[in-house]
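One file, input37.pdb, carrying PDB, C-alpha atoms:
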```
ATOM      1  CA  MET A 373       4.062  -6.548 -40.516
ATOM      2  CA  ILE A 374       0.972  -7.711 -38.629
ATOM      3  CA  LYS A 375       2.847 -10.825 -37.417
ATOM      4  CA  LEU A 376       5.593  -8.562 -36.086
ATOM      5  CA  ILE A 377       3.105  -6.359 -34.216
ATOM      6  CA  PHE A 378       1.249  -9.319 -32.697
ATOM      7  CA  GLY A 379       4.533 -11.045 -31.852
ATOM      8  CA  GLY A 380       5.759  -7.886 -30.109
ATOM      9  CA  LEU A 381       2.517  -7.601 -28.182
ATOM     10  CA  ALA A 382       2.744 -11.234 -27.102
ATOM     11  CA  VAL A 383       6.298 -10.710 -25.830
ATOM     12  CA  LEU A 384       5.244  -7.539 -24.015
ATOM     13  CA  LEU A 385       2.325  -9.333 -22.353
ATOM     14  CA  LEU A 386       4.580 -12.231 -21.353
ATOM     15  CA  LEU A 387       7.137  -9.846 -19.842
ATOM     16  CA  ALA A 388       4.409  -7.858 -18.108
ATOM     17  CA  SER A 389       2.863 -10.937 -16.538
ATOM     18  CA  ALA A 390       6.257 -12.277 -15.477
ATOM     19  CA  GLY A 391       7.178  -8.888 -14.002
ATOM     20  CA  PHE A 392       3.906  -8.739 -12.134
ATOM     21  CA  TRP A 393       4.548 -11.936 -10.191
ATOM     22  CA  MET A 394       8.294 -11.632  -9.715
ATOM     23  CA  LEU A 395       9.842  -9.386  -7.092
ATOM     24  CA  ARG A 396      13.373  -8.125  -7.382
ATOM     25  CA  PRO A 397      15.809  -9.841  -4.994
ATOM     26  CA  GLY A 398      15.859  -8.131  -1.618
ATOM     27  CA  SER A 399      12.832  -5.996  -2.439
ATOM     28  CA  GLN A 400      10.441  -7.662  -0.005
ATOM     29  CA  ARG A 401      10.185  -6.111   3.426
ATOM     30  CA  ALA A 402      10.000  -8.858   6.024
ATOM     31  CA  GLU A 403       7.800  -8.802   9.081
ATOM     32  CA  GLY A 404       9.806  -7.498  12.017
ATOM     33  CA  SER A 405      12.006  -5.256   9.876
ATOM     34  CA  ALA A 406      11.981  -1.481  10.114
ATOM     35  CA  ALA A 407       9.344   0.101   7.888
ATOM     36  CA  PRO A 408      10.929   2.319   5.230
ATOM     37  CA  ASP A 409      10.486   6.010   5.913
ATOM     38  CA  PHE A 410       8.488   8.142   3.496
ATOM     39  CA  ALA A 411       7.556  11.778   2.935
ATOM     40  CA  LEU A 412       4.590  11.942   0.550
ATOM     41  CA  GLN A 413       1.917  14.516  -0.173
ATOM     42  CA  ASP A 414      -1.738  13.729   0.318
ATOM     43  CA  GLN A 415      -4.719  14.829  -1.748
ATOM     44  CA  ASP A 416      -4.623  18.273  -0.063
ATOM     45  CA  GLY A 417      -0.893  18.885  -0.486
ATOM     46  CA  ASN A 418      -0.007  18.034   3.134
ATOM     47  CA  THR A 419       3.153  16.000   3.650
ATOM     48  CA  HIS A 420       2.882  12.751   5.606
ATOM     49  CA  ARG A 421       5.893  10.969   7.062
ATOM     50  CA  LEU A 422       6.154   7.582   8.714
ATOM     51  CA  GLY A 423       7.161   9.341  11.945
ATOM     52  CA  ASP A 424       3.817  11.160  12.005
ATOM     53  CA  TYR A 425       2.254   7.804  12.923
ATOM     54  CA  GLY A 426       4.807   6.802  15.569
ATOM     55  CA  GLY A 427       3.281   5.348  18.707
ATOM     56  CA  ARG A 428       0.182   4.025  16.938
ATOM     57  CA  TRP A 429      -0.713   1.300  14.482
ATOM     58  CA  LEU A 430      -0.634   2.203  10.794
ATOM     59  CA  VAL A 431      -2.322   0.338   7.949
ATOM     60  CA  LEU A 432      -0.342   1.388   4.882
ATOM     61  CA  TYR A 433      -1.952   0.014   1.774
ATOM     62  CA  PHE A 434      -0.638   0.314  -1.774
ATOM     63  CA  TYR A 435      -3.042   0.164  -4.703
ATOM     64  CA  PRO A 436      -2.687   0.451  -8.493
ATOM     65  CA  ARG A 437      -4.990   3.302  -9.591
ATOM     66  CA  ASP A 438      -7.667   5.665  -8.342
ATOM     67  CA  ASP A 439     -11.253   5.036  -9.393
ATOM     68  CA  THR A 440     -10.740   1.580 -10.896
ATOM     69  CA  PRO A 441     -13.091  -1.252  -9.875
ATOM     70  CA  GLY A 442     -10.785  -3.217  -7.546
ATOM     71  CA  CYS A 443      -9.171  -0.131  -6.025
ATOM     72  CA  THR A 444     -12.563   1.480  -5.438
ATOM     73  CA  ARG A 445     -13.893  -1.687  -3.782
ATOM     74  CA  GLU A 446     -10.847  -1.903  -1.509
ATOM     75  CA  ALA A 447     -10.945   1.797  -0.549
ATOM     76  CA  CYS A 448     -14.681   1.680   0.168
ATOM     77  CA  ARG A 449     -14.239  -1.399   2.362
ATOM     78  CA  PHE A 450     -11.580   0.452   4.383
ATOM     79  CA  ARG A 451     -13.998   3.408   4.536
ATOM     80  CA  ASP A 452     -16.838   1.200   5.745
ATOM     81  CA  ASP A 453     -14.649  -0.529   8.353
ATOM     82  CA  ILE A 454     -12.840   2.583   9.573
ATOM     83  CA  GLY A 455     -14.736   2.472  12.874
ATOM     84  CA  THR A 456     -13.496  -1.021  13.639
ATOM     85  CA  LEU A 457      -9.930  -0.193  12.604
ATOM     86  CA  GLY A 458     -10.062   3.085  14.523
ATOM     87  CA  ASP A 459     -11.268   1.246  17.637
ATOM     88  CA  LEU A 460      -8.116  -0.859  17.282
ATOM     89  CA  GLY A 461      -6.037   2.327  17.319
ATOM     90  CA  ALA A 462      -5.041   2.140  13.656
ATOM     91  CA  ALA A 463      -4.699   4.912  11.113
ATOM     92  CA  ILE A 464      -5.282   4.018   7.458
ATOM     93  CA  VAL A 465      -3.296   5.501   4.586
ATOM     94  CA  GLY A 466      -3.539   4.590   0.892
ATOM     95  CA  VAL A 467      -0.615   5.046  -1.514
ATOM     96  CA  SER A 468      -0.462   4.951  -5.307
ATOM     97  CA  VAL A 469       1.568   6.589  -8.061
ATOM     98  CA  ASP A 470      -1.433   8.734  -9.060
ATOM     99  CA  ASP A 471      -1.095  12.483  -8.525
ATOM    100  CA  ALA A 472      -2.657  14.468  -5.682
ATOM    101  CA  GLN A 473      -5.429  15.860  -7.912
ATOM    102  CA  SER A 474      -6.530  12.358  -8.880
ATOM    103  CA  HIS A 475      -6.486  11.393  -5.194
ATOM    104  CA  ALA A 476      -8.608  14.444  -4.303
ATOM    105  CA  ARG A 477     -11.268  13.479  -6.864
ATOM    106  CA  PHE A 478     -11.226   9.819  -5.756
ATOM    107  CA  LYS A 479     -11.436  10.719  -2.058
ATOM    108  CA  GLU A 480     -14.312  13.152  -2.614
ATOM    109  CA  LYS A 481     -16.255  10.877  -4.956
ATOM    110  CA  TYR A 482     -16.276   8.001  -2.444
ATOM    111  CA  GLN A 483     -16.114  10.059   0.773
ATOM    112  CA  LEU A 484     -12.950   8.336   1.934
ATOM    113  CA  PRO A 485     -12.101   9.385   5.517
ATOM    114  CA  PHE A 486      -8.357   8.716   5.290
ATOM    115  CA  ALA A 487      -5.365  10.175   3.483
ATOM    116  CA  LEU A 488      -4.368   9.083  -0.008
ATOM    117  CA  LEU A 489      -0.680   9.689  -0.621
ATOM    118  CA  SER A 490       0.837  10.399  -4.005
ATOM    119  CA  ASP A 491       4.047   8.515  -4.848
ATOM    120  CA  PRO A 492       4.576   9.829  -8.403
ATOM    121  CA  ASP A 493       8.125   8.508  -8.821
ATOM    122  CA  GLY A 494       7.283   5.186  -7.152
ATOM    123  CA  GLN A 495      10.191   5.412  -4.693
ATOM    124  CA  THR A 496       8.112   4.589  -1.636
ATOM    125  CA  ALA A 497       6.320   1.725  -3.376
ATOM    126  CA  ALA A 498       9.732   0.425  -4.474
ATOM    127  CA  ALA A 499      11.111   0.705  -0.927
ATOM    128  CA  TYR A 500       8.258  -1.529   0.253
ATOM    129  CA  GLY A 501       8.712  -3.978  -2.653
ATOM    130  CA  SER A 502       5.371  -2.898  -4.069
ATOM    131  CA  LEU A 503       6.284  -1.192  -7.346
ATOM    132  CA  LEU A 504       5.590  -2.756 -10.709
ATOM    133  CA  ASN A 505       7.672  -0.931 -13.298
ATOM    134  CA  LEU A 506       7.218  -1.963 -16.912
ATOM    135  CA  GLY A 507       9.145   0.963 -18.357
ATOM    136  CA  LEU A 508       6.434   3.227 -19.713
ATOM    137  CA  VAL A 509       3.825   1.887 -17.296
ATOM    138  CA  ARG A 510       4.397   1.989 -13.564
ATOM    139  CA  PHE A 511       2.004   1.351 -10.695
ATOM    140  CA  ALA A 512       1.864   0.078  -7.148
ATOM    141  CA  ARG A 513       1.017  -3.539  -6.517
ATOM    142  CA  ARG A 514      -1.925  -4.234  -4.243
ATOM    143  CA  HIS A 515       0.023  -4.844  -1.011
ATOM    144  CA  THR A 516      -0.751  -3.860   2.571
ATOM    145  CA  PHE A 517       1.535  -3.411   5.556
ATOM    146  CA  ILE A 518       0.526  -3.166   9.197
ATOM    147  CA  ILE A 519       3.165  -1.071  10.907
ATOM    148  CA  ALA A 520       3.430  -1.433  14.679
ATOM    149  CA  PRO A 521       3.694   1.572  17.005
ATOM    150  CA  ASP A 522       7.474   1.045  17.186
ATOM    151  CA  GLY A 523       7.878   1.466  13.397
ATOM    152  CA  ARG A 524       8.363  -2.187  12.511
ATOM    153  CA  ILE A 525       6.396  -4.098   9.916
ATOM    154  CA  ALA A 526       4.114  -6.295  11.991
ATOM    155  CA  ALA A 527       2.275  -7.911   9.070
ATOM    156  CA  ARG A 528       2.309  -7.809   5.287
ATOM    157  CA  PHE A 529      -0.297  -8.888   2.784
ATOM    158  CA  ASP A 530       0.792  -9.673  -0.763
ATOM    159  CA  LYS A 531      -2.382 -11.412  -1.940
ATOM    160  CA  VAL A 532      -5.267  -9.046  -1.395
ATOM    161  CA  ASP A 533      -8.944  -9.606  -2.128
ATOM    162  CA  PRO A 534     -10.343  -6.040  -2.317
ATOM    163  CA  SER A 535     -13.781  -7.203  -1.169
ATOM    164  CA  SER A 536     -12.683  -8.704   2.153
ATOM    165  CA  HIS A 537      -9.259  -7.213   2.822
ATOM    166  CA  ALA A 538     -10.337  -4.608   5.389
ATOM    167  CA  GLN A 539     -11.810  -7.382   7.566
ATOM    168  CA  GLU A 540      -8.651  -9.453   7.111
ATOM    169  CA  VAL A 541      -6.572  -6.483   8.291
ATOM    170  CA  ALA A 542      -8.854  -5.946  11.306
ATOM    171  CA  HIS A 543      -8.515  -9.610  12.318
ATOM    172  CA  ALA A 544      -4.727  -9.428  11.938
ATOM    173  CA  LEU A 545      -4.594  -6.259  14.052
ATOM    174  CA  GLN A 546      -6.653  -7.924  16.782
ATOM    175  CA  ALA A 547      -4.330 -10.942  16.782
ATOM    176  CA  LEU A 548      -1.219  -8.745  16.878
ATOM    177  CA  GLN A 549      -2.584  -6.723  19.760
ATOM    178  CA  ARG A 550      -3.627  -9.864  21.684
ATOM    179  CA  SER A 551      -0.096 -11.173  21.276
ATOM    180  CA  GLY A 552       1.225  -7.983  22.871
ATOM    181  CA  LEU A 553       3.288  -6.987  19.843
ATOM    182  CA  GLN A 554       3.945  -3.277  20.075
ATOM    183  CA  HIS A 555       7.581  -2.816  20.936
ATOM    184  CA  SER A 556      10.264  -5.318  20.091
ATOM    185  CA  GLY A 557      13.409  -3.582  21.247
ATOM    186  CA  PRO A 558      15.520  -1.094  19.336
ATOM    187  CA  LEU A 559      15.046  -0.794  15.600
ATOM    188  CA  PRO A 560      17.944  -1.840  13.394
ATOM    189  CA  ASP A 561      19.701   0.868  11.387
ATOM    190  CA  LYS A 562      17.873   1.648   8.176
TER     191      LYS A 562
END
```
Could you render the structure from this file as structure tokens?
Amino acid sequence: MIKLIFGGLAVLLLLASAGFWMLRPGSQRAEGSAAPDFALQDQDGNTHRLGDYGGRWLVLYFYPRDDTPGCTREACRFRDDIGTLGDLGAAIVGVSVDDAQSHARFKEKYQLPFALLSDPDGQTAAAYGSLLNLGLVRFARRHTFIIAPDGRIAARFDKVDPSSHAQEVAHALQALQRSGLQHSGPLPDK
């Protein structure tokens, strides 16, 4: 019986680790493609849509869970660097599958000056290729997207170091803006 339990756990861990690193075919959103639309509630119950950020840069970052060490470090770095990102004309929005109440506690505890959006069914995370679904356990992968003022994905980050990611995003925004990337013609049909 114990062998069966440990064997089952080993298989589950193997599947979980394989699922973590593998993306479903076609699930990655390429730079230059239209950013998937969303309509998600924030920690205060207000609905945010992609169109609300049209005409400005948006840093849309997905993270696994509120109030966990890596997610807290990443959120606090965005908080600490919000002046720099704001000077670059960028709004910051965090997204996870946690509920709005969890987001409200997390935002208040760490005085986060940006919206945290609740994606309880994981549809938005899935649309961005950022959902890890292991059946009973589902969470967003730590991915970030810089969305240009024209609604296209200007940059994506799949390997994120929570301690230095905000600075990495700021440098990428500066480079994108120096290159003049803001409008690249009409968006393709979604």
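We find CA of Ile464 (chain A) and CA of Leu422 (chain A) to be spaced 12.0 Å apart.
Against this structure, the PyMOL selection byres ((chain A and resi 549) around 12) ends up with Arg428, Trp429, Asp459, Leu460, Gly461, Ala462, Ile518, Ile519, Ala520, Pro521, Ala526, Ala527, Ala542, His543, Ala544, Leu545, Gln546, Ala547, Leu548, Arg550, Ser551, Gly552, Leu553, Gln554 and His555 of chain A.
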* Asked: Just so the selection is clear, what residues does the PyMOL selection byres ((chain A and resi 402-418) around 9) cover here, as number ranges by chain?
  -> A: 400-401, 419-423, 467, 471-477, 479, 487-491, 495-496, 499-500, 517, 519, 522-528, 556, 559-562
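Reported to one decimal place, the separation of CA of Asn505 (chain A) from CA of Asp470 (chain A) is 13.9 Å.
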* Structure fact -> In terms of only C-alpha atoms, the residue from A:Phe450, A:Phe529, A:Tyr482, A:Phe434 at minimal distance from Leu504 (chain A) is A:Phe434
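Among the candidate residues A:Val469, A:Leu457, A:Ala512, A:Cys448, the one lying nearest to Gln483 (chain A) is A:Cys448, with distances computed using only C-alpha atoms.
Take CA of Ser535 (chain A) and CA of Arg445 (chain A): the distance between them is 6.1 Å.
The closest residue to Val509 (chain A), picked from A:Arg437, A:Leu430, A:Asp424, A:Ser536 and counting only C-alpha atoms, is A:Arg437.
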Expected axis-aligned box over every listed atom of region 413-424 of chain A, 6 Å added per side, centre plus edges in Å to one decimal, as lines of an AutoDock Vina configuration file:
```
center_x = 1.2
center_y = 13.2
center_z = 5.1
size_x = 23.9
size_y = 23.3
size_z = 25.8
```
